[in-house]
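Listing of my_file-v6.cif; format and content: mmCIF, C-alpha atoms.
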data_query
loop_
_atom_site.label_atom_id
_atom_site.label_comp_id
_atom_site.auth_asym_id
_atom_site.auth_seq_id
_atom_site.Cartn_x
_atom_site.Cartn_y
_atom_site.Cartn_z
CA MET A 1 0.00 0.00 0.00
CA SER A 2 1.42 3.36 -0.91
CA SER A 3 0.75 6.59 0.88
CA ALA A 4 -1.57 7.60 -1.94
CA ASP A 5 -3.98 4.99 -0.69
CA ILE A 6 -4.37 6.66 2.67
CA PRO A 7 -7.58 8.68 2.78
CA GLN A 8 -6.66 12.36 2.92
CA GLY A 9 -8.28 14.89 5.21
CA THR A 10 -9.29 12.53 8.02
CA GLY A 11 -8.54 13.61 11.57
CA THR A 12 -6.27 10.78 12.75
CA PRO A 13 -3.15 10.14 10.69
CA ALA A 14 -3.31 6.51 9.62
CA PRO A 15 0.43 5.62 9.74
CA GLU A 16 0.56 6.19 13.46
CA LYS A 17 -2.47 3.95 14.02
CA ARG A 18 -0.87 1.13 12.08
CA LEU A 19 2.35 1.46 13.96
CA GLY A 20 0.42 0.92 17.15
CA LEU A 21 -1.11 -2.22 15.76
CA VAL A 22 2.26 -3.63 14.76
CA ARG A 23 3.71 -2.88 18.13
CA ARG A 24 0.83 -4.59 19.87
CA ALA A 25 1.17 -7.68 17.70
CA TRP A 26 4.90 -7.82 18.36
CA GLN A 27 4.21 -7.60 22.07
CA PHE A 28 1.78 -10.52 21.76
CA VAL A 29 4.42 -12.62 20.03
CA LEU A 30 6.96 -11.82 22.72
CA ASP A 31 4.46 -12.76 25.44
CA LEU A 32 3.64 -15.99 23.67
CA ILE A 33 7.31 -16.98 23.41
CA ASP A 34 7.67 -16.15 27.05
CA VAL A 35 4.82 -18.44 28.04
CA LEU A 36 6.02 -21.21 25.80
CA LEU A 37 9.57 -21.11 27.12
CA LYS A 38 8.78 -20.81 30.83
CA PRO A 39 8.24 -24.10 32.64
CA SER A 40 4.57 -24.58 33.29
CA SER A 41 3.53 -23.89 36.84
CA ILE A 42 -0.05 -25.09 36.41
CA PHE A 43 0.20 -28.42 34.50
CA GLY A 44 2.61 -31.22 35.28
CA LEU A 45 5.02 -32.36 32.59
CA GLY A 46 3.18 -35.69 32.22
CA VAL A 47 -0.10 -33.96 31.52
CA LEU A 48 1.53 -31.77 28.92
CA VAL A 49 3.16 -34.70 27.15
CA LEU A 50 -0.13 -36.56 27.16
CA ALA A 51 -1.97 -33.53 25.81
CA GLY A 52 0.62 -33.18 23.08
CA PHE A 53 0.24 -36.82 22.23
CA VAL A 54 -3.54 -36.61 22.04
CA ALA A 55 -3.36 -33.46 19.92
CA GLY A 56 -0.91 -35.24 17.63
CA VAL A 57 -3.21 -38.19 17.24
CA ILE A 58 -6.14 -35.94 16.48
CA PHE A 59 -4.13 -33.94 13.97
CA TRP A 60 -2.68 -37.02 12.30
CA GLY A 61 -6.06 -38.72 12.26
CA GLY A 62 -7.73 -35.64 10.86
CA PHE A 63 -5.13 -35.39 8.16
CA ASN A 64 -5.60 -39.01 7.33
CA THR A 65 -9.37 -38.67 7.30
CA ALA A 66 -9.11 -35.67 5.01
CA LEU A 67 -6.96 -37.78 2.73
CA GLU A 68 -9.45 -40.62 2.87
CA ILE A 69 -12.30 -38.31 1.90
CA THR A 70 -10.41 -36.77 -0.98
CA ASN A 71 -9.46 -40.26 -2.06
CA THR A 72 -12.90 -41.26 -3.23
CA GLU A 73 -14.52 -41.23 -6.62
CA LYS A 74 -17.32 -39.14 -5.19
CA PHE A 75 -14.86 -36.40 -4.38
CA CYS A 76 -13.21 -36.52 -7.79
CA THR A 77 -16.47 -36.41 -9.68
CA GLY A 78 -17.67 -33.54 -7.50
CA CYS A 79 -16.14 -31.25 -10.11
CA HIS A 80 -18.02 -31.15 -13.34
CA GLU A 81 -14.71 -31.05 -15.24
CA MET A 82 -14.02 -34.55 -14.01
CA LYS A 83 -17.62 -35.80 -14.07
CA ASP A 84 -18.72 -34.74 -17.54
CA ASN A 85 -15.57 -35.80 -19.36
CA VAL A 86 -13.40 -38.51 -17.91
CA PHE A 87 -15.99 -40.10 -15.61
CA ALA A 88 -18.64 -40.30 -18.32
CA GLU A 89 -16.12 -42.08 -20.54
CA LEU A 90 -14.95 -44.45 -17.84
CA LYS A 91 -18.48 -45.81 -17.52
CA THR A 92 -18.31 -47.58 -20.87
CA THR A 93 -15.04 -49.38 -20.19
CA VAL A 94 -14.08 -52.72 -18.72
CA HIS A 95 -12.85 -50.96 -15.61
CA PHE A 96 -16.36 -49.83 -14.73
CA SER A 97 -18.23 -53.07 -15.25
CA ASN A 98 -16.89 -56.51 -16.02
CA ARG A 99 -17.48 -60.16 -15.38
CA SER A 100 -15.39 -60.08 -12.20
CA GLY A 101 -17.42 -57.30 -10.61
CA VAL A 102 -14.27 -55.45 -9.57
CA ARG A 103 -14.51 -51.73 -10.11
CA ALA A 104 -11.51 -49.48 -10.57
CA SER A 105 -12.27 -46.00 -9.29
CA CYS A 106 -10.34 -42.80 -9.99
CA PRO A 107 -7.99 -42.97 -7.00
CA ASP A 108 -7.11 -46.59 -7.84
CA CYS A 109 -5.38 -45.38 -10.96
CA HIS A 110 -4.51 -41.80 -10.13
CA VAL A 111 -3.37 -41.63 -6.51
CA PRO A 112 -0.56 -43.91 -5.42
CA HIS A 113 -1.46 -46.05 -2.44
CA ASN A 114 1.89 -45.43 -0.83
CA TRP A 115 1.72 -42.74 1.86
CA THR A 116 4.50 -40.38 0.81
CA ASP A 117 3.56 -40.63 -2.83
CA LYS A 118 0.05 -39.80 -1.73
CA ILE A 119 1.08 -36.50 -0.19
CA ALA A 120 3.15 -35.63 -3.21
CA ARG A 121 0.20 -36.26 -5.48
CA LYS A 122 -2.09 -34.19 -3.27
CA MET A 123 0.31 -31.26 -3.44
CA GLN A 124 0.20 -31.49 -7.19
CA ALA A 125 -3.57 -31.60 -6.97
CA SER A 126 -3.75 -28.05 -5.67
CA LYS A 127 -2.99 -27.08 -9.27
CA GLU A 128 -6.33 -28.59 -10.15
CA VAL A 129 -8.11 -26.36 -7.67
CA TRP A 130 -6.49 -23.38 -9.41
CA GLY A 131 -7.58 -24.80 -12.74
CA HIS A 132 -11.09 -25.20 -11.41
CA LEU A 133 -11.27 -21.65 -10.10
CA PHE A 134 -9.91 -20.19 -13.31
CA GLY A 135 -11.80 -22.57 -15.54
CA SER A 136 -8.81 -24.05 -17.39
CA ILE A 137 -10.97 -26.95 -18.68
CA ASN A 138 -14.48 -25.86 -17.79
CA THR A 139 -15.96 -26.53 -21.23
CA ARG A 140 -15.73 -29.63 -23.37
CA GLU A 141 -13.81 -27.66 -26.00
CA LYS A 142 -11.25 -26.36 -23.53
CA PHE A 143 -10.94 -29.88 -22.16
CA THR A 144 -10.30 -31.52 -25.53
CA ASP A 145 -7.84 -28.77 -26.39
CA ARG A 146 -5.82 -29.39 -23.22
CA ARG A 147 -6.41 -33.12 -23.12
CA LEU A 148 -3.12 -34.16 -24.72
CA GLU A 149 -1.17 -32.11 -22.20
CA LEU A 150 -3.02 -33.65 -19.25
CA ALA A 151 -2.65 -37.14 -20.70
CA LEU A 152 1.07 -36.60 -21.27
CA HIS A 153 1.44 -35.80 -17.57
CA GLU A 154 -0.34 -39.02 -16.65
CA TRP A 155 1.62 -41.14 -19.11
CA ALA A 156 4.87 -39.68 -17.80
CA ARG A 157 3.80 -40.51 -14.26
CA PHE A 158 2.86 -44.10 -15.12
CA LYS A 159 6.09 -44.50 -17.06
CA ALA A 160 8.17 -43.14 -14.17
CA ASN A 161 6.60 -45.43 -11.56
CA ASP A 162 6.52 -48.46 -13.87
CA SER A 163 2.70 -48.39 -13.95
CA LEU A 164 2.53 -48.83 -10.20
CA GLU A 165 -1.23 -48.26 -10.00
CA CYS A 166 -1.99 -50.83 -12.67
CA ARG A 167 0.22 -53.31 -10.87
CA ASN A 168 -1.64 -52.76 -7.60
CA CYS A 169 -4.41 -54.75 -9.23
CA HIS A 170 -2.73 -56.62 -12.09
CA SER A 171 0.62 -58.14 -11.27
CA ALA A 172 2.74 -59.52 -14.04
CA GLN A 173 3.78 -62.36 -11.70
CA SER A 174 0.20 -63.50 -11.22
CA MET A 175 -0.70 -63.40 -14.89
CA ASP A 176 -1.59 -66.86 -16.15
CA ILE A 177 -0.67 -66.52 -19.78
CA THR A 178 -2.30 -69.85 -20.63
CA LYS A 179 -5.58 -68.08 -19.89
CA GLN A 180 -4.83 -65.01 -21.98
CA SER A 181 -5.67 -64.35 -25.58
CA PRO A 182 -2.95 -65.18 -28.13
CA ARG A 183 -2.11 -61.56 -28.90
CA ALA A 184 -1.82 -60.78 -25.18
CA VAL A 185 0.46 -63.76 -24.56
CA GLU A 186 2.74 -62.79 -27.40
CA ALA A 187 3.01 -59.15 -26.35
CA HIS A 188 3.37 -59.80 -22.63
CA GLN A 189 6.02 -62.47 -23.11
CA ARG A 190 8.12 -60.42 -25.45
CA PHE A 191 7.92 -57.04 -23.80
CA LEU A 192 6.35 -57.12 -20.34
CA PHE A 193 8.06 -60.08 -18.70
CA THR A 194 11.42 -58.97 -20.08
CA GLY A 195 10.90 -55.55 -18.52
CA GLU A 196 11.33 -53.85 -21.86
CA LYS A 197 8.01 -52.05 -21.63
CA THR A 198 5.46 -51.19 -19.01
CA CYS A 199 1.67 -51.38 -19.09
CA ILE A 200 1.06 -47.80 -20.15
CA ASP A 201 3.33 -48.16 -23.20
CA CYS A 202 0.78 -50.48 -24.77
CA HIS A 203 -2.46 -49.80 -22.91
CA LYS A 204 -3.18 -46.13 -23.46
CA GLY A 205 -6.78 -45.03 -23.42
CA ILE A 206 -8.10 -48.02 -21.48
CA ALA A 207 -10.12 -45.87 -19.09
CA HIS A 208 -10.95 -42.73 -21.04
CA HIS A 209 -11.10 -41.57 -24.62
CA LEU A 210 -7.78 -40.78 -26.20
CA PRO A 211 -6.50 -37.26 -26.77
CA ASP A 212 -5.32 -36.27 -30.24
CA MET A 213 -2.72 -39.00 -30.77
CA ARG A 214 -0.82 -37.46 -33.68
CA GLY A 215 2.85 -37.42 -32.77
CA VAL A 216 2.55 -39.79 -29.84
CA PRO A 217 5.13 -42.56 -30.42
CA GLY A 218 3.52 -45.65 -31.94
CA TRP A 219 0.43 -43.78 -33.09
CA GLN A 220 -0.47 -41.83 -36.18
CA MET B 1 -79.30 -74.28 -52.96
CA ILE B 2 -75.90 -75.15 -54.32
CA LYS B 3 -74.82 -71.60 -53.64
CA LYS B 4 -75.95 -71.91 -50.00
CA LEU B 5 -74.14 -75.24 -49.60
CA ALA B 6 -70.99 -73.74 -51.04
CA MET B 7 -71.20 -70.85 -48.60
CA MET B 8 -71.65 -73.22 -45.66
CA LEU B 9 -68.74 -75.36 -46.79
CA LEU B 10 -66.57 -72.32 -47.14
CA ALA B 11 -67.54 -71.05 -43.68
CA ALA B 12 -66.86 -74.46 -42.15
CA SER B 13 -63.48 -74.77 -43.77
CA LEU B 14 -62.55 -71.25 -42.73
CA ALA B 15 -63.54 -71.98 -39.12
CA ALA B 16 -61.60 -75.24 -39.14
CA GLY B 17 -58.61 -73.55 -40.66
CA SER B 18 -58.54 -70.71 -38.19
CA SER B 19 -59.05 -73.00 -35.21
CA THR B 20 -56.09 -75.13 -36.22
CA LEU B 21 -54.10 -71.94 -36.66
CA LEU B 22 -55.07 -70.78 -33.20
CA ALA B 23 -54.52 -74.15 -31.60
CA GLN B 24 -51.02 -74.32 -32.93
CA SER B 25 -48.67 -72.40 -30.67
CA VAL B 26 -46.53 -71.24 -33.47
CA SER B 27 -42.95 -72.02 -32.66
CA SER B 28 -40.18 -71.74 -35.11
CA SER B 29 -36.58 -72.50 -34.34
CA LEU B 30 -35.77 -68.82 -34.85
CA ARG B 31 -38.23 -67.39 -32.35
CA GLY B 32 -37.96 -70.12 -29.76
CA PRO B 33 -41.02 -71.04 -27.70
CA ALA B 34 -42.25 -67.45 -27.25
CA PRO B 35 -45.83 -66.91 -28.58
CA LEU B 36 -46.22 -64.74 -31.67
CA ASN B 37 -47.73 -61.80 -29.83
CA GLU B 38 -45.06 -61.72 -27.17
CA GLU B 39 -41.43 -60.81 -27.20
CA GLY B 40 -39.24 -63.60 -25.90
CA PRO B 41 -36.22 -62.99 -23.70
CA ALA B 42 -33.16 -61.93 -25.64
CA PRO B 43 -30.41 -64.56 -25.73
CA PRO B 44 -27.20 -63.47 -24.03
CA MET B 45 -24.57 -61.75 -26.16
CA GLN B 46 -21.80 -64.08 -27.22
CA PRO B 47 -18.18 -63.01 -26.93
CA THR B 48 -16.27 -62.22 -30.10
CA LYS B 49 -13.83 -64.72 -31.54
CA ASN B 50 -10.40 -63.94 -30.22
CA THR B 51 -8.19 -66.72 -31.56
CA ALA B 52 -6.11 -64.38 -33.73
CA GLU B 53 -6.02 -67.12 -36.33
CA LYS B 54 -6.38 -66.06 -39.93
CA GLU B 55 -9.73 -66.98 -41.45
CA VAL B 56 -10.15 -68.02 -45.06
CA ARG B 57 -11.58 -65.34 -47.33
CA ASN B 58 -14.66 -66.42 -49.28
CA TYR B 59 -13.75 -64.50 -52.42
CA PRO B 60 -10.62 -62.61 -53.39
CA GLU B 61 -12.02 -59.10 -52.95
CA GLN B 62 -13.33 -59.80 -49.47
CA PRO B 63 -11.98 -57.65 -46.69
CA PRO B 64 -10.62 -60.31 -44.32
CA VAL B 65 -12.64 -60.67 -41.13
CA ILE B 66 -10.97 -59.59 -37.91
CA PRO B 67 -9.86 -62.72 -36.05
CA HIS B 68 -9.53 -60.94 -32.71
CA SER B 69 -11.61 -58.95 -30.27
CA ILE B 70 -11.80 -55.20 -30.83
CA ASP B 71 -13.68 -54.25 -27.65
CA GLY B 72 -12.93 -50.70 -26.63
CA TYR B 73 -10.70 -49.98 -29.62
CA GLN B 74 -11.01 -46.32 -30.45
CA VAL B 75 -11.10 -45.33 -34.11
CA ASP B 76 -12.01 -41.70 -34.58
CA MET B 77 -10.57 -38.27 -35.28
CA GLN B 78 -8.35 -38.48 -32.19
CA GLY B 79 -6.61 -41.73 -32.98
CA ASN B 80 -6.76 -45.12 -34.61
CA LYS B 81 -6.05 -48.07 -32.35
CA CYS B 82 -5.94 -50.49 -35.29
CA LEU B 83 -3.09 -48.58 -36.88
CA SER B 84 -1.09 -48.79 -33.66
CA CYS B 85 -0.60 -52.45 -34.64
CA HIS B 86 -1.36 -52.70 -38.37
CA ALA B 87 0.51 -49.64 -39.63
CA ARG B 88 3.62 -50.43 -41.64
CA ALA B 89 6.03 -49.16 -39.00
CA ARG B 90 4.31 -51.03 -36.17
CA THR B 91 4.21 -54.53 -37.60
CA ALA B 92 7.63 -55.67 -36.39
CA GLU B 93 6.56 -55.11 -32.82
CA SER B 94 2.92 -56.16 -33.04
CA LYS B 95 3.43 -59.13 -35.41
CA ALA B 96 0.22 -58.06 -37.11
CA PRO B 97 -0.10 -58.19 -40.90
CA MET B 98 0.43 -54.82 -42.53
CA LEU B 99 -2.67 -53.40 -44.15
CA SER B 100 -2.22 -53.99 -47.84
CA ILE B 101 -1.14 -51.41 -50.39
CA THR B 102 -4.74 -50.91 -51.53
CA HIS B 103 -5.26 -49.01 -48.26
CA PHE B 104 -2.85 -46.34 -49.44
CA MET B 105 -4.58 -45.74 -52.77
CA ASP B 106 -6.86 -42.84 -53.46
CA ARG B 107 -9.84 -43.16 -55.79
CA ASP B 108 -7.64 -42.58 -58.83
CA GLY B 109 -5.34 -45.41 -57.91
CA GLN B 110 -2.55 -43.10 -56.78
CA PHE B 111 -0.50 -44.29 -53.81
CA LEU B 112 -0.47 -41.92 -50.87
CA ALA B 113 2.23 -41.68 -48.21
CA SER B 114 -0.07 -42.88 -45.46
CA VAL B 115 -3.40 -44.63 -45.14
CA SER B 116 -5.96 -43.13 -47.47
CA PRO B 117 -8.76 -41.24 -45.72
CA ARG B 118 -11.32 -43.53 -47.34
CA ARG B 119 -9.69 -46.49 -45.61
CA TYR B 120 -9.30 -44.85 -42.21
CA PHE B 121 -12.42 -46.26 -40.60
CA CYS B 122 -11.45 -49.91 -40.62
CA THR B 123 -14.67 -51.36 -39.26
CA GLN B 124 -16.57 -50.04 -42.27
CA CYS B 125 -15.17 -53.07 -44.08
CA HIS B 126 -13.57 -55.35 -41.49
CA VAL B 127 -15.68 -56.92 -38.80
CA SER B 128 -14.94 -59.15 -35.85
CA GLN B 129 -16.81 -62.44 -35.57
CA SER B 130 -19.20 -63.65 -32.90
CA THR B 131 -18.83 -67.09 -31.35
CA ALA B 132 -22.63 -67.59 -31.46
CA THR B 133 -23.92 -70.50 -33.52
CA PRO B 134 -26.13 -69.05 -36.23
CA PRO B 135 -29.79 -70.24 -36.05
CA VAL B 136 -29.88 -70.53 -39.81
CA SER B 137 -26.91 -72.12 -41.46
CA ASN B 138 -25.28 -70.65 -44.51
CA ASP B 139 -25.00 -72.74 -47.66
CA PHE B 140 -22.62 -70.42 -49.45
CA VAL B 141 -20.04 -72.26 -51.54
CA ASP B 142 -17.01 -70.50 -52.86
CA ILE B 143 -16.00 -70.36 -56.47
CA ASP B 144 -13.36 -73.07 -56.15
CA THR B 145 -15.96 -75.51 -54.91
CA VAL B 146 -18.28 -74.58 -57.76
CA LEU B 147 -15.53 -75.11 -60.29
CA SER B 148 -14.46 -78.39 -58.77
CA HIS B 149 -17.90 -79.83 -59.62
CA ASP B 150 -16.57 -80.11 -63.10
CA LYS B 151 -15.51 -83.48 -64.32
CA PRO B 152 -11.85 -84.24 -63.92
CA GLY B 153 -9.97 -83.16 -66.94
CA ALA B 154 -12.68 -80.72 -68.05
CA LYS B 155 -11.79 -77.53 -69.86
CA ARG B 156 -10.56 -74.72 -67.65
#

Show me the file's structure as structure tokens.
Amino acid sequence: MSSADIPQGTGTPAPEKRLGLVRRAWQFVLDLIDVLLKPSSIFGLGVLVLAGFVAGVIFWGGFNTALEITNTEKFCTGCHEMKDNVFAELKTTVHFSNRSGVRASCPDCHVPHNWTDKIARKMQASKEVWGHLFGSINTREKFTDRRLELALHEWARFKANDSLECRNCHSAQSMDITKQSPRAVEAHQRFLFTGEKTCIDCHKGIAHHLPDMRGVPGWQ
Amino acid sequence: MIKKLAMMLLAASLAAGSSTLLAQSVSSSLRGPAPLNEEGPAPPMQPTKNTAEKEVRNYPEQPPVIPHSIDGYQVDMQGNKCLSCHARARTAESKAPMLSITHFMDRDGQFLASVSPRRYFCTQCHVSQSTATPPVSNDFVDIDTVLSHDKPGAKR
């Protein structure tokens, strides 16, 4: 704020008033430090440790609960950007309904189950809140225009973690190739079991429609 | 008198005819046991053939049928899943047959650098096959069979 912002002609000069406020706040901080540093005369040490422990549990639990809530499909599809595009498309795929009755939901494929990875992903997710507020993909047209970019992020993530999320449900070790179709057997034996490729190299677009694939390696 | 008798005979035969028609619960092998005025339950969908084994073409111009499942394969403006295996450059990895040179020709017979737009939508011509047994069998015979009816040593 520059001095030009201060209303002219009022009786009390504003700068002085603000100075007072700052000084009072500083005093409060000093007092607080004082209290925190001085040994407590009211509560015993045991009580304090216990209180700290309980507070920690509550905080940790709350954090975890918040994570649990944001880790549901209901949360993800709460935004129309997610609901009208990717969720609508997911409904027609094998990951939504199949003979086994196992349903893959958004967090199964998009949020790593590992705790630290989880936090990292959530931090990244704050970008989506920005996007939501500023409407980066709030129409179908904007979404299809940006789709390749978003998909590239996801492919890069799957590539970097060796398709970790896919493997949480499908493990290469448990695949019975005698039960797979001939094309699957051939491809998995040559490229998957040898570690040459990972799931996402060959299985793009299994859950949503594809973005414009021109220029993506292996596509035309 | 004769006219009256004829009318009575006609009426009687009509009545008899219609009663036999009504009595018969019409059941053909196609409809199953469902009565004519009711819709029977739909039979379950059969899975597509997924053996990946080449099937014989019935005539030389026939687009070969697809010997594998194509569930969820996207072919539209955004991308062409079929070409990710059948395109020339992809066949070493996918072991799929390359689409033939006719797919690169425009209507004037000129060869284009990539798949001709009129051949882009593969399932216009190529279809996957169901494992269902057809209720009516097909008595198509191909030209070789027709020709082989000739006597041995007949003129070609």

**Message:** Should the cut-off be 7 Å, what would the residue list for chain B against chain A look like, counting only C-alpha atoms, as number ranges by chain?
**Reply:** B: 50-52, 72, 78-79, 84, 90

**Request:** Report the distance between CA of Asp106 in chain B and CA of Arg119 in chain B in Å, rounded to one decimal place.
**Result:** 9.1 Å

**Asked** Which protein, DNA or RNA residues have an atom at most 9 Å from (-13.7, -33.5, -18.4), counting only C-alpha atoms? List them as a PyMOL selection string.
**Response** chain A and resi 79-88+137-140+143-144+147

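The gap separating CA of Asp162 in chain A from CA of Ile177 in chain A is 20.3 Å, in Å to one decimal.
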
**Asked** Between B:Ser116, B:Thr102, B:Thr91, B:Asn58, which one has atoms that come closest to Phe140 in chain B, using all atoms listed in the file?
**Response** B:Asn58

**Asked** Hey, what comes out of the PyMOL selection byres ((chain B and resi 69) around 6) on this file? Could you write it as a list in words?
**Response** Thr48, Asn50, His68, Ile70 and Asp71 of chain B

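Residue nearest Lys159 in chain A, chosen from A:Asp145, A:Glu128, A:Glu196, A:Asp201 and counting all atoms listed in the file: A:Asp201.
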
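Around Ala96 in chain B, within 9 Å and counting all atoms listed in the file, the residues found are B:Cys85, B:His86, B:Ala87, B:Arg90, B:Thr91, B:Ala92, B:Glu93, B:Leu99, once anything fewer than 3 positions away on its own chain is removed.
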
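Taking CA of Ser174 in chain A as the reference point, CA of Gln189 in chain A is found at 13.3 Å.
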
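Between Lys81 in chain B and the residues B:Cys122, B:Thr131, B:Pro152, B:Val65, the shortest atom-to-atom distance, using all atoms listed in the file, involves B:Cys122.
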
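Candidate residues A:Ser126, A:Gly195, A:Leu150, A:His110 were compared for distance to Leu164 in chain A, and the nearest is A:His110, using all atoms listed in the file.
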
Limit the output to all heavy atoms and give range 141-148 of chain B as a PDB file, in the first residue's frame.
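Done, and the output landed in result.pdb:
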ATOM      1  N   VAL B 141     -21.227 -71.503 -51.124  1.00  0.00           N
ATOM      2  CA  VAL B 141     -20.043 -72.256 -51.545  1.00  0.00           C
ATOM      3  C   VAL B 141     -19.161 -71.328 -52.363  1.00  0.00           C
ATOM      4  O   VAL B 141     -19.657 -70.536 -53.153  1.00  0.00           O
ATOM      5  CB  VAL B 141     -20.412 -73.500 -52.391  1.00  0.00           C
ATOM      6  CG1 VAL B 141     -20.900 -74.625 -51.509  1.00  0.00           C
ATOM      7  CG2 VAL B 141     -21.427 -73.164 -53.448  1.00  0.00           C
ATOM      8  N   ASP B 142     -17.893 -71.430 -52.153  1.00  0.00           N
ATOM      9  CA  ASP B 142     -17.015 -70.504 -52.859  1.00  0.00           C
ATOM     10  C   ASP B 142     -16.755 -70.974 -54.281  1.00  0.00           C
ATOM     11  O   ASP B 142     -17.120 -72.086 -54.668  1.00  0.00           O
ATOM     12  CB  ASP B 142     -15.725 -70.253 -52.082  1.00  0.00           C
ATOM     13  CG  ASP B 142     -14.849 -71.485 -52.000  1.00  0.00           C
ATOM     14  OD1 ASP B 142     -15.165 -72.496 -52.672  1.00  0.00           O
ATOM     15  OD2 ASP B 142     -13.852 -71.445 -51.263  1.00  0.00           O
ATOM     16  N   ILE B 143     -16.120 -70.121 -55.036  1.00  0.00           N
ATOM     17  CA  ILE B 143     -15.995 -70.365 -56.466  1.00  0.00           C
ATOM     18  C   ILE B 143     -15.158 -71.613 -56.756  1.00  0.00           C
ATOM     19  O   ILE B 143     -15.438 -72.351 -57.686  1.00  0.00           O
ATOM     20  CB  ILE B 143     -15.419 -69.113 -57.180  1.00  0.00           C
ATOM     21  CG1 ILE B 143     -15.501 -69.234 -58.707  1.00  0.00           C
ATOM     22  CG2 ILE B 143     -14.017 -68.830 -56.746  1.00  0.00           C
ATOM     23  CD1 ILE B 143     -16.901 -69.184 -59.241  1.00  0.00           C
ATOM     24  N   ASP B 144     -14.196 -71.889 -55.929  1.00  0.00           N
ATOM     25  CA  ASP B 144     -13.362 -73.070 -56.145  1.00  0.00           C
ATOM     26  C   ASP B 144     -14.202 -74.336 -56.044  1.00  0.00           C
ATOM     27  O   ASP B 144     -14.034 -75.270 -56.827  1.00  0.00           O
ATOM     28  CB  ASP B 144     -12.235 -73.129 -55.107  1.00  0.00           C
ATOM     29  CG  ASP B 144     -11.275 -71.971 -55.274  1.00  0.00           C
ATOM     30  OD1 ASP B 144     -11.423 -71.247 -56.273  1.00  0.00           O
ATOM     31  OD2 ASP B 144     -10.401 -71.789 -54.407  1.00  0.00           O
ATOM     32  N   THR B 145     -15.107 -74.347 -55.060  1.00  0.00           N
ATOM     33  CA  THR B 145     -15.963 -75.513 -54.907  1.00  0.00           C
ATOM     34  C   THR B 145     -16.870 -75.669 -56.125  1.00  0.00           C
ATOM     35  O   THR B 145     -17.078 -76.783 -56.624  1.00  0.00           O
ATOM     36  CB  THR B 145     -16.826 -75.357 -53.636  1.00  0.00           C
ATOM     37  OG1 THR B 145     -16.002 -74.840 -52.609  1.00  0.00           O
ATOM     38  CG2 THR B 145     -17.419 -76.678 -53.224  1.00  0.00           C
ATOM     39  N   VAL B 146     -17.409 -74.526 -56.586  1.00  0.00           N
ATOM     40  CA  VAL B 146     -18.277 -74.582 -57.757  1.00  0.00           C
ATOM     41  C   VAL B 146     -17.505 -75.148 -58.945  1.00  0.00           C
ATOM     42  O   VAL B 146     -17.981 -76.059 -59.641  1.00  0.00           O
ATOM     43  CB  VAL B 146     -18.807 -73.167 -58.114  1.00  0.00           C
ATOM     44  CG1 VAL B 146     -19.541 -73.190 -59.446  1.00  0.00           C
ATOM     45  CG2 VAL B 146     -19.693 -72.647 -57.013  1.00  0.00           C
ATOM     46  N   LEU B 147     -16.315 -74.659 -59.152  1.00  0.00           N
ATOM     47  CA  LEU B 147     -15.530 -75.106 -60.293  1.00  0.00           C
ATOM     48  C   LEU B 147     -15.131 -76.571 -60.153  1.00  0.00           C
ATOM     49  O   LEU B 147     -15.063 -77.304 -61.134  1.00  0.00           O
ATOM     50  CB  LEU B 147     -14.272 -74.236 -60.442  1.00  0.00           C
ATOM     51  CG  LEU B 147     -14.554 -72.791 -60.851  1.00  0.00           C
ATOM     52  CD1 LEU B 147     -13.258 -72.009 -60.945  1.00  0.00           C
ATOM     53  CD2 LEU B 147     -15.307 -72.732 -62.170  1.00  0.00           C
ATOM     54  N   SER B 148     -14.917 -77.011 -58.949  1.00  0.00           N
ATOM     55  CA  SER B 148     -14.458 -78.391 -58.769  1.00  0.00           C
ATOM     56  C   SER B 148     -15.573 -79.397 -59.022  1.00  0.00           C
ATOM     57  O   SER B 148     -15.342 -80.596 -59.035  1.00  0.00           O
ATOM     58  CB  SER B 148     -13.885 -78.576 -57.371  1.00  0.00           C
ATOM     59  OG  SER B 148     -14.938 -78.590 -56.437  1.00  0.00           O
TER      60      SER B 148
END
